[in-house]
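Student: What follows is input-v9.txt, made up of compact mmCIF, C-alpha atoms:
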```txt
# COMPACT_ATOMS: atom_id res chain seq x y z
CA MET A 120 17.64 161.68 72.45
CA PRO A 121 14.69 162.19 74.78
CA GLN A 122 15.45 163.16 78.36
CA ILE A 123 13.37 160.51 80.04
CA SER A 124 15.65 160.11 82.99
CA SER A 125 16.87 162.44 85.63
CA LEU A 126 20.51 161.90 84.59
CA PRO A 127 21.80 164.29 81.94
CA GLU A 128 23.13 162.74 78.73
CA LYS A 129 26.64 164.03 79.33
CA THR A 130 26.70 162.47 82.81
CA VAL A 131 25.68 159.12 81.34
CA GLU A 132 28.51 159.42 78.79
CA ARG A 133 31.05 160.22 81.49
CA LEU A 134 29.83 157.40 83.73
CA SER A 135 30.37 154.99 80.85
CA GLU A 136 33.89 156.40 80.44
CA TYR A 137 34.69 156.31 84.18
CA ARG A 138 33.63 152.70 84.33
CA ARG A 139 35.94 151.67 81.50
CA THR A 140 38.82 153.45 83.19
CA LEU A 141 37.98 151.84 86.56
CA LEU A 142 37.84 148.38 85.02
CA ARG A 143 41.23 149.00 83.42
CA CYS A 144 42.62 150.16 86.79
CA GLN A 145 41.23 147.04 88.42
CA LYS A 146 43.05 144.85 85.90
CA GLN A 147 46.25 146.67 86.79
CA GLY A 148 45.70 145.90 90.47
CA ILE A 149 44.81 149.45 91.48
CA THR A 150 42.33 149.29 94.38
CA HIS A 151 41.72 152.99 95.14
CA ILE A 152 41.68 156.15 93.08
CA PHE A 153 41.35 159.83 94.02
CA SER A 154 38.76 161.96 92.23
CA HIS A 155 41.46 164.26 90.84
CA VAL A 156 43.37 161.27 89.41
CA LEU A 157 40.24 159.87 87.77
CA ALA A 158 39.50 163.39 86.50
CA GLY A 159 43.01 163.83 85.11
CA MET A 160 42.70 160.58 83.15
CA HIS A 161 39.67 162.06 81.40
CA GLY A 162 40.98 165.59 80.98
CA ILE A 163 38.30 167.07 83.24
CA THR A 164 38.17 168.59 86.74
CA ALA A 165 37.76 166.71 90.02
CA VAL A 166 34.73 168.90 90.69
CA GLN A 167 33.07 167.45 87.59
CA VAL A 168 33.78 163.88 88.69
CA ARG A 169 32.42 164.53 92.19
CA ARG A 170 29.34 166.24 90.77
CA ASP A 171 28.60 163.26 88.50
CA LEU A 172 29.00 160.78 91.36
CA MET A 173 26.85 162.92 93.62
CA LEU A 174 24.11 162.78 90.95
CA ILE A 175 24.04 158.98 91.16
CA GLY A 176 24.22 159.06 94.97
CA PHE A 177 27.75 157.69 95.33
CA SER A 178 29.54 159.24 98.27
CA SER A 179 31.92 156.68 99.77
CA ASP A 180 35.02 158.77 99.26
CA THR A 181 37.69 157.63 101.72
CA LYS A 182 41.12 158.92 102.67
CA LYS A 183 42.53 156.59 100.04
CA GLY A 184 40.09 157.84 97.40
CA TYR A 185 37.28 155.86 95.79
CA ASP A 186 37.30 152.07 96.05
CA VAL A 187 37.76 151.13 92.39
CA LYS A 188 35.70 147.93 92.44
CA VAL A 189 32.87 149.38 94.54
CA LEU A 190 32.57 152.42 92.28
CA ALA A 191 32.69 150.33 89.07
CA ASP A 192 29.91 148.08 90.43
CA PHE A 193 27.90 151.09 91.56
CA ILE A 194 28.08 152.64 88.08
CA SER A 195 27.15 149.28 86.52
CA ASP A 196 24.01 149.15 88.67
CA ILE A 197 23.04 152.57 87.30
CA LEU A 198 23.92 152.01 83.65
CA ASP A 199 23.18 148.35 83.00
CA SER A 200 19.85 146.70 82.57
CA GLN A 201 19.16 143.59 84.60
CA GLN A 202 17.94 141.88 81.47
CA PRO A 203 20.62 141.40 78.81
CA MET A 204 20.35 143.84 75.91
CA ASN A 205 20.73 142.14 72.56
CA ILE A 206 21.97 144.17 69.65
CA GLY A 207 21.63 143.85 65.89
CA VAL A 208 23.84 145.59 63.35
CA ILE A 209 22.20 146.72 60.13
CA GLY A 210 24.62 146.92 57.22
CA MET A 211 27.66 144.67 57.01
CA GLY A 212 29.96 146.98 55.07
CA HIS A 213 33.35 147.93 56.49
CA LEU A 214 31.90 150.07 59.25
CA GLY A 215 29.41 147.38 60.28
CA GLN A 216 32.11 144.72 60.31
CA ALA A 217 34.46 146.95 62.28
CA ILE A 218 31.76 147.74 64.83
CA THR A 219 30.81 144.08 65.20
CA LYS A 220 34.39 142.93 65.74
CA TYR A 221 35.11 145.88 67.99
CA PHE A 222 32.21 145.40 70.38
CA ASN A 223 32.54 141.66 70.47
CA SER A 224 36.11 141.84 71.66
CA LYS A 225 35.11 144.04 74.57
CA GLY A 226 33.23 141.66 76.83
CA LEU A 227 30.42 144.14 77.39
CA LYS A 228 27.03 143.29 78.83
CA LEU A 229 25.67 144.55 75.55
CA LYS A 230 25.87 141.70 73.10
CA ILE A 231 25.74 141.81 69.31
CA VAL A 232 23.71 138.75 68.38
CA ALA A 233 23.12 139.27 64.66
CA ALA A 234 24.00 141.37 61.66
CA PHE A 235 21.64 142.20 58.82
CA ASP A 236 22.25 143.02 55.19
CA ILE A 237 20.41 143.12 51.88
CA ASP A 238 23.35 141.76 49.87
CA PRO A 239 22.71 138.05 49.09
CA GLU A 240 26.48 137.48 49.07
CA LYS A 241 26.73 138.56 52.71
CA VAL A 242 23.56 136.90 53.99
CA GLY A 243 24.40 133.46 55.39
CA THR A 244 28.00 134.33 56.24
CA THR A 245 29.29 134.91 59.75
CA ILE A 246 31.67 137.46 61.22
CA ASP A 247 33.37 136.37 64.46
CA ASP A 248 30.55 133.83 64.91
CA ILE A 249 27.86 136.52 64.48
CA PRO A 250 25.47 135.41 61.72
CA CYS A 251 24.61 137.80 58.91
CA LEU A 252 20.86 137.51 58.30
CA SER A 253 18.64 138.90 55.55
CA MET A 254 16.86 142.24 56.05
CA ASP A 255 13.84 140.48 54.52
CA ASP A 256 13.49 138.45 57.71
CA PHE A 257 14.32 141.36 60.02
CA GLU A 258 11.09 141.38 62.03
CA ALA A 259 11.05 137.62 62.64
CA SER A 260 14.75 137.55 63.51
CA VAL A 261 14.40 140.41 65.99
CA ALA A 262 11.58 138.55 67.75
CA GLU A 263 13.42 135.24 67.75
CA LEU A 264 16.72 136.65 69.01
CA ASP A 265 15.09 139.14 71.40
CA ILE A 266 16.96 142.11 69.92
CA ASN A 267 16.29 145.44 71.72
CA ILE A 268 18.76 147.79 70.08
CA VAL A 269 20.08 148.21 66.55
CA ILE A 270 23.16 149.92 65.21
CA ILE A 271 22.65 151.33 61.70
CA SER A 272 25.85 151.20 59.69
CA CYS A 273 24.48 150.85 56.17
CA PRO A 274 25.20 153.38 53.41
CA THR A 275 23.54 156.75 54.08
CA SER A 276 21.46 156.38 50.91
CA LYS A 277 19.78 153.30 52.41
CA ALA A 278 19.35 154.67 55.96
CA GLU A 279 15.75 155.81 55.55
CA GLN A 280 14.65 152.36 54.36
CA THR A 281 15.51 150.91 57.75
CA VAL A 282 13.02 153.05 59.69
CA VAL A 283 9.81 151.12 58.95
CA PRO A 284 11.29 147.65 59.63
CA ILE A 285 12.84 148.96 62.88
CA VAL A 286 9.54 150.43 64.09
CA ASN A 287 7.53 147.36 63.04
CA ALA A 288 9.94 145.02 64.82
CA GLY A 289 9.46 146.86 68.11
CA ILE A 290 13.10 147.94 68.50
CA LYS A 291 13.58 150.18 71.57
CA GLY A 292 16.88 151.92 70.84
CA VAL A 293 18.78 152.99 67.72
CA LEU A 294 22.37 154.07 67.28
CA ASN A 295 22.59 155.59 63.79
CA PHE A 296 26.07 155.98 62.30
CA THR A 297 24.94 157.14 58.85
CA SER A 298 25.04 160.78 57.73
CA LYS A 299 21.25 160.97 57.61
CA PRO A 300 19.65 161.87 60.96
CA LEU A 301 16.62 159.60 61.38
CA ASN A 302 13.39 160.41 63.20
CA PHE A 303 11.52 157.67 65.03
CA PRO A 304 8.23 157.72 66.92
CA LEU A 305 8.27 158.74 70.57
CA GLY A 306 9.28 155.84 72.76
CA ILE A 307 12.23 154.78 70.59
CA VAL A 308 15.55 156.12 71.87
CA VAL A 309 17.69 157.41 69.00
CA GLU A 310 21.27 158.56 68.92
CA ASN A 311 22.31 159.93 65.52
CA TYR A 312 26.08 160.02 65.31
CA ASP A 313 27.98 160.64 62.13
CA ILE A 314 31.66 160.34 63.00
CA THR A 315 32.34 163.05 60.44
CA THR A 316 31.03 165.47 63.05
CA LEU A 317 33.81 164.50 65.45
CA LEU A 318 36.46 165.00 62.81
CA GLU A 319 35.05 168.36 61.72
CA LYS A 320 34.94 169.44 65.35
CA VAL A 321 38.61 168.59 65.90
CA ALA A 322 39.50 170.39 62.66
CA TYR A 323 37.55 173.48 63.73
CA PHE A 324 39.30 173.74 67.10
CA VAL A 325 42.70 173.17 65.45
CA LYS A 326 41.93 176.04 63.10
CA GLU A 327 40.82 178.29 65.98
CA GLN A 328 43.94 177.37 67.95
CA GLU A 329 46.16 178.26 64.99
CA ASN A 330 44.37 181.57 64.54
CA SER A 331 44.82 182.41 68.23
CA ASP A 332 48.55 181.57 67.99
CA ILE A 333 49.12 184.19 65.31
CA MET B 17 38.68 169.42 74.41
CA PRO B 18 39.89 172.92 75.29
CA GLN B 19 37.46 175.76 74.77
CA ILE B 20 39.73 177.97 72.76
CA SER B 21 37.00 179.48 70.65
CA SER B 22 33.90 181.41 71.44
CA LEU B 23 31.70 178.72 69.87
CA PRO B 24 30.52 175.98 72.23
CA GLU B 25 31.46 172.42 71.28
CA LYS B 26 27.84 171.38 70.87
CA THR B 27 27.19 174.26 68.48
CA VAL B 28 30.17 173.19 66.37
CA GLU B 29 28.77 169.65 66.27
CA ARG B 30 25.35 170.87 65.22
CA LEU B 31 26.78 173.20 62.56
CA SER B 32 28.61 170.21 61.08
CA GLU B 33 25.33 168.30 61.06
CA TYR B 34 23.30 171.18 59.59
CA ARG B 35 25.82 171.52 56.80
CA ARG B 36 25.57 167.87 55.83
CA THR B 37 21.79 168.13 55.77
CA LEU B 38 21.94 171.35 53.72
CA LEU B 39 24.30 169.78 51.18
CA ARG B 40 21.94 166.82 50.88
CA CYS B 41 18.99 169.21 50.37
CA GLN B 42 20.97 171.05 47.72
CA LYS B 43 21.55 167.81 45.82
CA GLN B 44 17.81 167.19 45.91
CA GLY B 45 17.19 170.61 44.37
CA ILE B 46 15.80 172.20 47.53
CA THR B 47 16.72 175.92 47.51
CA HIS B 48 15.14 177.15 50.77
CA ILE B 49 14.45 175.65 54.15
CA PHE B 50 12.59 176.94 57.24
CA SER B 51 14.32 176.76 60.61
CA HIS B 52 11.61 174.46 61.98
CA VAL B 53 12.07 172.06 59.05
CA LEU B 54 15.84 171.97 59.51
CA ALA B 55 15.24 171.52 63.24
CA GLY B 56 12.79 168.67 62.68
CA MET B 57 15.33 166.84 60.51
CA HIS B 58 17.68 166.84 63.50
CA GLY B 59 15.11 166.15 66.19
CA ILE B 60 15.67 169.53 67.87
CA THR B 61 13.70 172.76 68.24
CA ALA B 62 13.65 175.68 65.81
CA VAL B 63 14.77 177.90 68.70
CA GLN B 64 17.96 175.84 68.98
CA VAL B 65 18.67 176.18 65.25
CA ARG B 66 18.10 179.94 65.33
CA ARG B 67 20.26 180.31 68.43
CA ASP B 68 23.14 178.41 66.78
CA LEU B 69 22.91 180.52 63.63
CA MET B 70 22.73 183.70 65.68
CA LEU B 71 25.98 182.66 67.39
CA ILE B 72 27.76 182.56 64.04
CA GLY B 73 26.13 185.81 62.93
CA PHE B 74 23.86 184.35 60.26
CA SER B 75 20.58 186.18 60.05
CA SER B 76 19.33 186.16 56.47
CA ASP B 77 16.09 184.40 57.24
CA THR B 78 13.59 185.21 54.49
CA LYS B 79 9.90 184.54 53.99
CA LYS B 80 10.92 181.37 52.19
CA GLY B 81 13.24 180.33 54.99
CA TYR B 82 17.02 180.08 54.80
CA ASP B 83 18.73 180.00 51.41
CA VAL B 84 20.21 176.49 51.48
CA LYS B 85 23.33 177.27 49.47
CA VAL B 86 24.06 180.57 51.22
CA LEU B 87 23.73 178.97 54.65
CA ALA B 88 25.87 175.94 53.72
CA ASP B 89 28.60 178.27 52.43
CA PHE B 90 28.33 180.46 55.52
CA ILE B 91 28.79 177.46 57.82
CA SER B 92 31.71 176.26 55.70
CA ASP B 93 33.42 179.62 56.18
CA ILE B 94 33.08 179.16 59.93
CA LEU B 95 34.07 175.50 60.18
CA ASP B 96 36.65 175.01 57.43
CA SER B 97 40.23 176.07 57.43
CA GLN B 98 41.48 177.93 54.36
CA GLN B 99 44.46 175.62 54.25
CA PRO B 100 43.61 171.97 53.58
CA MET B 101 43.76 169.76 56.66
CA ASN B 102 45.55 166.51 55.98
CA ILE B 103 44.72 163.54 58.10
CA GLY B 104 46.59 160.38 59.05
CA VAL B 105 44.98 157.24 60.46
CA ILE B 106 47.00 155.29 63.02
CA GLY B 107 46.09 151.61 63.11
CA MET B 108 44.85 149.79 60.03
CA GLY B 109 42.68 147.20 61.74
CA HIS B 110 39.00 146.89 60.86
CA LEU B 111 38.07 150.18 62.47
CA GLY B 112 40.92 152.05 60.77
CA GLN B 113 40.03 150.57 57.40
CA ALA B 114 36.36 151.36 57.88
CA ILE B 115 37.13 154.94 58.86
CA THR B 116 39.47 155.42 55.91
CA LYS B 117 36.99 154.10 53.38
CA TYR B 118 34.14 155.97 55.03
CA PHE B 119 35.75 159.40 55.05
CA ASN B 120 37.24 159.01 51.62
CA SER B 121 33.87 158.38 50.05
CA LYS B 122 32.48 161.58 51.51
CA GLY B 123 34.23 164.27 49.50
CA LEU B 124 35.08 166.30 52.59
CA LYS B 125 37.61 169.11 52.72
CA LEU B 126 39.34 166.97 55.32
CA LYS B 127 41.48 164.50 53.45
CA ILE B 128 42.99 161.26 54.70
CA VAL B 129 46.41 161.16 53.05
CA ALA B 130 48.05 158.23 54.83
CA ALA B 131 47.51 155.34 57.20
CA PHE B 132 50.09 154.06 59.66
CA ASP B 133 50.61 150.65 61.20
CA ILE B 134 53.29 148.65 62.97
CA ASP B 135 52.39 145.38 61.23
CA PRO B 136 54.96 144.69 58.45
CA GLU B 137 52.27 142.85 56.50
CA LYS B 138 50.15 145.99 56.30
CA VAL B 139 52.95 148.49 55.69
CA GLY B 140 53.39 149.03 51.95
CA THR B 141 49.80 148.13 51.07
CA THR B 142 47.14 150.64 50.05
CA ILE B 143 43.49 151.01 50.94
CA ASP B 144 41.42 152.92 48.39
CA ASP B 145 44.68 154.48 47.12
CA ILE B 146 45.71 155.59 50.63
CA PRO B 147 49.19 154.23 51.39
CA CYS B 148 49.80 152.36 54.64
CA LEU B 149 53.14 153.59 56.01
CA SER B 150 55.26 152.36 58.89
CA MET B 151 54.90 153.91 62.34
CA ASP B 152 58.72 153.87 62.42
CA ASP B 153 58.73 156.67 59.84
CA PHE B 154 55.81 158.54 61.41
CA GLU B 155 57.58 161.82 62.09
CA ALA B 156 59.17 162.07 58.64
CA SER B 157 55.94 161.06 56.88
CA VAL B 158 53.89 163.63 58.80
CA ALA B 159 56.34 166.37 57.76
CA GLU B 160 56.45 165.22 54.14
CA LEU B 161 52.70 164.86 53.74
CA ASP B 162 51.88 167.93 55.85
CA ILE B 163 49.55 165.99 58.18
CA ASN B 164 47.81 168.16 60.82
CA ILE B 165 45.36 165.73 62.40
CA VAL B 166 45.48 162.04 63.29
CA ILE B 167 42.74 159.54 63.98
CA ILE B 168 43.82 156.83 66.43
CA SER B 169 42.12 153.52 65.67
CA CYS B 170 44.74 151.07 66.91
CA PRO B 171 44.02 148.52 69.66
CA THR B 172 43.48 150.18 73.06
CA SER B 173 46.53 148.37 74.46
CA LYS B 174 48.72 150.23 71.95
CA ALA B 175 47.07 153.65 72.31
CA GLU B 176 49.52 155.10 74.80
CA GLN B 177 52.48 154.31 72.56
CA THR B 178 51.17 156.75 69.96
CA VAL B 179 51.39 159.80 72.23
CA VAL B 180 55.13 160.53 72.00
CA PRO B 181 55.35 160.14 68.20
CA ILE B 182 52.26 162.35 67.79
CA VAL B 183 53.70 165.09 70.01
CA ASN B 184 57.13 164.89 68.40
CA ALA B 185 55.68 165.09 64.91
CA GLY B 186 53.91 168.36 65.74
CA ILE B 187 50.37 167.05 65.19
CA LYS B 188 47.74 169.69 66.05
CA GLY B 189 44.59 167.63 66.53
CA VAL B 190 43.78 164.08 67.63
CA LEU B 191 40.60 162.06 67.32
CA ASN B 192 41.06 159.03 69.57
CA PHE B 193 38.69 156.10 69.02
CA THR B 194 40.35 153.71 71.47
CA SER B 195 38.97 152.99 74.95
CA LYS B 196 41.92 154.72 76.61
CA PRO B 197 41.48 158.47 77.05
CA LEU B 198 44.77 160.10 76.09
CA ASN B 199 46.23 163.30 77.51
CA PHE B 200 48.32 165.56 75.31
CA PRO B 201 50.18 168.79 76.07
CA LEU B 202 48.25 172.03 75.90
CA GLY B 203 48.00 173.23 72.33
CA ILE B 204 47.00 169.86 70.89
CA VAL B 205 43.26 169.49 70.41
CA VAL B 206 42.05 166.07 71.55
CA GLU B 207 38.71 164.37 71.19
CA ASN B 208 38.53 161.02 72.98
CA TYR B 209 35.62 159.03 71.67
CA ASP B 210 35.03 155.41 72.40
CA ILE B 211 31.91 154.42 70.47
CA THR B 212 31.07 152.04 73.33
CA THR B 213 29.95 155.16 75.19
CA LEU B 214 27.29 155.86 72.57
CA LEU B 215 25.98 152.32 72.76
CA GLU B 216 25.92 152.32 76.55
CA LYS B 217 24.09 155.65 76.48
CA VAL B 218 21.38 154.30 74.17
CA ALA B 219 21.07 151.18 76.35
CA TYR B 220 20.74 153.29 79.49
CA PHE B 221 17.93 155.43 78.08
CA VAL B 222 16.16 152.33 76.74
CA LYS B 223 16.31 150.85 80.24
CA GLU B 224 14.99 154.08 81.80
CA GLN B 225 12.21 154.23 79.24
CA GLU B 226 11.17 150.66 80.01
CA ASN B 227 11.19 151.38 83.73
CA SER B 228 9.01 154.45 83.23
CA ASP B 229 6.58 152.39 81.12
CA ILE B 230 5.94 149.93 83.95
```
Take the structure I supplied and represent it as structure tokens, if you would.

Tutor:
Amino acid sequence: MPQISSLPEKTVERLSEYRRTLLRCQKQGITHIFSHVLAGMHGITAVQVRRDLMLIGFSSDTKKGYDVKVLADFISDILDSQQPMNIGVIGMGHLGQAITKYFNSKGLKLKIVAAFDIDPEKVGTTIDDIPCLSMDDFEASVAELDINIVIISCPTSKAEQTVVPIVNAGIKGVLNFTSKPLNFPLGIVVENYDITTLLEKVAYFVKEQENSDI
Amino acid sequence: MPQISSLPEKTVERLSEYRRTLLRCQKQGITHIFSHVLAGMHGITAVQVRRDLMLIGFSSDTKKGYDVKVLADFISDILDSQQPMNIGVIGMGHLGQAITKYFNSKGLKLKIVAAFDIDPEKVGTTIDDIPCLSMDDFEASVAELDINIVIISCPTSKAEQTVVPIVNAGIKGVLNFTSKPLNFPLGIVVENYDITTLLEKVAYFVKEQENSDI
């Protein structure tokens, strides 16, 4: 992913995580939170939390800790676009369906507005009110529905076929869940993330831990 | 995730990604690959690739580039445990089902051997030959099936309830896909990963890109 902003990628990830935790705290009626408590909930140090918040210019730490609502809103101003971001999901297999249902239940500002598939049996159906459209009409549908970002959850063998339609449709951001890392022209933000990597990482550190226990 | 090994987390992630690319190259009959080609396939620099491989002590770069099979095997020796790692999936909703089907189609050394749920309608069913067992029998099933790692894909509201059973069952590694970061005692490797973070990250960089274009 290109570093086109002054915020490091990892900081953006943590801000997204802090915000979810803050919103959960708010629901539970918690009004203030200390940096070390927020840090503990994420398994990191208070120094890290304070450093991240300093990077975005947030400094209203009080004796009671951070104001939960003020901090959540502050992070939202940094992360969220003022225009809504519409999202399309390419590939309505199990992963695509899971992702669609998952995000739609979250009440995020990011909204999945359509799914796309090449399978005629899936095209024309809906999943949680999200229509499944044909990849043949991808470009027209993206324009009509004002889609900015796509999630690729098709089989890895089909991943490369999505690149040209995505570029032609003027998509600005891509989250690729297939095993094939995809390259796009400069100006399109791409995050390649095969969840296998996460599992292999956990397995590696378990192995290392076991070796160090011997 | 605790840094219990000398390899940085990001290097472990990239090694996992390199290996998948190398195995794909091997299938296509490619025997050698230059560091800059491997780098280009992952959208990173050749320097980064060479630095990662130096960290694991791989240095057999030839005039034809790296030997694809030798490098894939070398990375496997680093990443993989000699004992098989058995995996359980907690929560057989859409995400759990997608993850189970996804990993099982991949032919990884990491093997999903069971799923767990609290819903009596799901317990006793199978998904791609993986049995769905009851969370009530979690500890006994983990011992019987020799499960080392669990993937948590239950609803976020139920995430915290999985902690005690996981600790009691002696699980060594946890990949948590819910929105609630979970803390485990030292000695258990935990990766908290809400995929919402990835989507919010892409959206943020798209927004920044658009702002810089103005």

Student: In terms of the shortest atom-to-atom distance over all atoms listed in the file, which of B:Ile115, B:Val129, B:Val65, B:Leu87 is closest to chain A?

Tutor: B:Ile115

Student: Would you kindly report the residues of chain A within 7 Å of chain B, using only C-alpha atoms, as a ChimeraX atom specification?

Tutor: /A:123-124,131-132,135-136,160-162,198-200,213-214,217,291-292,294,300,302,308,310,316,318-328

Student: Between atom CA of Thr194 of chain B and atom CA of Thr178 of chain B, measure the distance and give it in Å to one decimal.

Tutor: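 If I compute the distance from atom CA of Thr194 of chain B to atom CA of Thr178 of chain B, I get 11.3 Å.
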
Student: Name the closest residue to Gly107 of chain B among the candidates B:Thr172, B:Gln42, B:Ser51, B:Thr78; distances are taken between atoms, counting all atoms listed in the file.

Tutor: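 Of all the options, B:Thr172 lies closest to Gly107 of chain B.
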
Student: Taking all atoms listed in the file into account, name the residue in A:Lys230, A:Phe235, A:Ala259, A:Cys144 that is nearest to Ala191 of chain A.

Tutor: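 That would be A:Cys144, the residue with the smallest distance to Ala191 of chain A.
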
Student: Have a look at atom CA of Val242 of chain A and atom CA of Thr142 of chain B and let me know their distance in Å, one decimal.

Tutor: 27.6 Å

Student: Please indicate the distance in Å from atom CA of Val105 of chain B to atom CA of Asp133 of chain B, rounded to one decimal place.

Tutor: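 It comes out at 8.7 Å.
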
Student: Starting from the incomplete input, reconstruct all heavy atoms of segment 163-170 of chain B and write that as a compact mmCIF listing (two decimals), keeping the file's coordinate frame.

Tutor:
```txt
# COMPACT_ATOMS: atom_id res chain seq x y z
N ILE B 163 50.71 166.50 57.42
CA ILE B 163 49.55 165.99 58.18
C ILE B 163 49.35 166.84 59.43
O ILE B 163 50.30 167.09 60.17
CB ILE B 163 49.76 164.50 58.55
CG1 ILE B 163 49.75 163.65 57.27
CG2 ILE B 163 48.69 164.02 59.54
CD1 ILE B 163 50.09 162.19 57.49
N ASN B 164 48.12 167.33 59.65
CA ASN B 164 47.81 168.16 60.82
C ASN B 164 47.08 167.40 61.91
O ASN B 164 47.16 167.72 63.08
CB ASN B 164 46.90 169.34 60.44
CG ASN B 164 47.29 170.00 59.15
OD1 ASN B 164 46.91 169.53 58.09
ND2 ASN B 164 48.07 171.06 59.23
N ILE B 165 46.27 166.41 61.47
CA ILE B 165 45.36 165.73 62.40
C ILE B 165 45.54 164.22 62.26
O ILE B 165 45.73 163.73 61.14
CB ILE B 165 43.89 166.12 62.07
CG1 ILE B 165 43.65 167.60 62.35
CG2 ILE B 165 42.89 165.26 62.84
CD1 ILE B 165 42.29 168.10 61.90
N VAL B 166 45.49 163.51 63.39
CA VAL B 166 45.48 162.04 63.29
C VAL B 166 44.23 161.46 63.95
O VAL B 166 43.70 162.01 64.91
CB VAL B 166 46.72 161.37 63.93
CG1 VAL B 166 47.97 161.63 63.11
CG2 VAL B 166 46.91 161.78 65.38
N ILE B 167 43.81 160.34 63.38
CA ILE B 167 42.74 159.54 63.98
C ILE B 167 43.42 158.29 64.55
O ILE B 167 44.14 157.61 63.82
CB ILE B 167 41.70 159.13 62.92
CG1 ILE B 167 41.02 160.36 62.33
CG2 ILE B 167 40.67 158.17 63.52
CD1 ILE B 167 40.11 160.06 61.14
N ILE B 168 43.22 158.01 65.83
CA ILE B 168 43.82 156.83 66.43
C ILE B 168 42.79 155.70 66.46
O ILE B 168 41.77 155.81 67.12
CB ILE B 168 44.33 157.10 67.86
CG1 ILE B 168 45.26 158.32 67.87
CG2 ILE B 168 45.06 155.88 68.42
CD1 ILE B 168 45.76 158.69 69.26
N SER B 169 43.06 154.66 65.72
CA SER B 169 42.12 153.52 65.67
C SER B 169 42.88 152.21 65.87
O SER B 169 42.47 151.18 65.36
CB SER B 169 41.38 153.52 64.33
OG SER B 169 42.30 153.50 63.26
N CYS B 170 43.97 152.28 66.61
CA CYS B 170 44.74 151.07 66.91
C CYS B 170 44.09 150.36 68.11
O CYS B 170 43.19 150.91 68.74
CB CYS B 170 46.19 151.44 67.21
SG CYS B 170 46.39 152.45 68.69
```
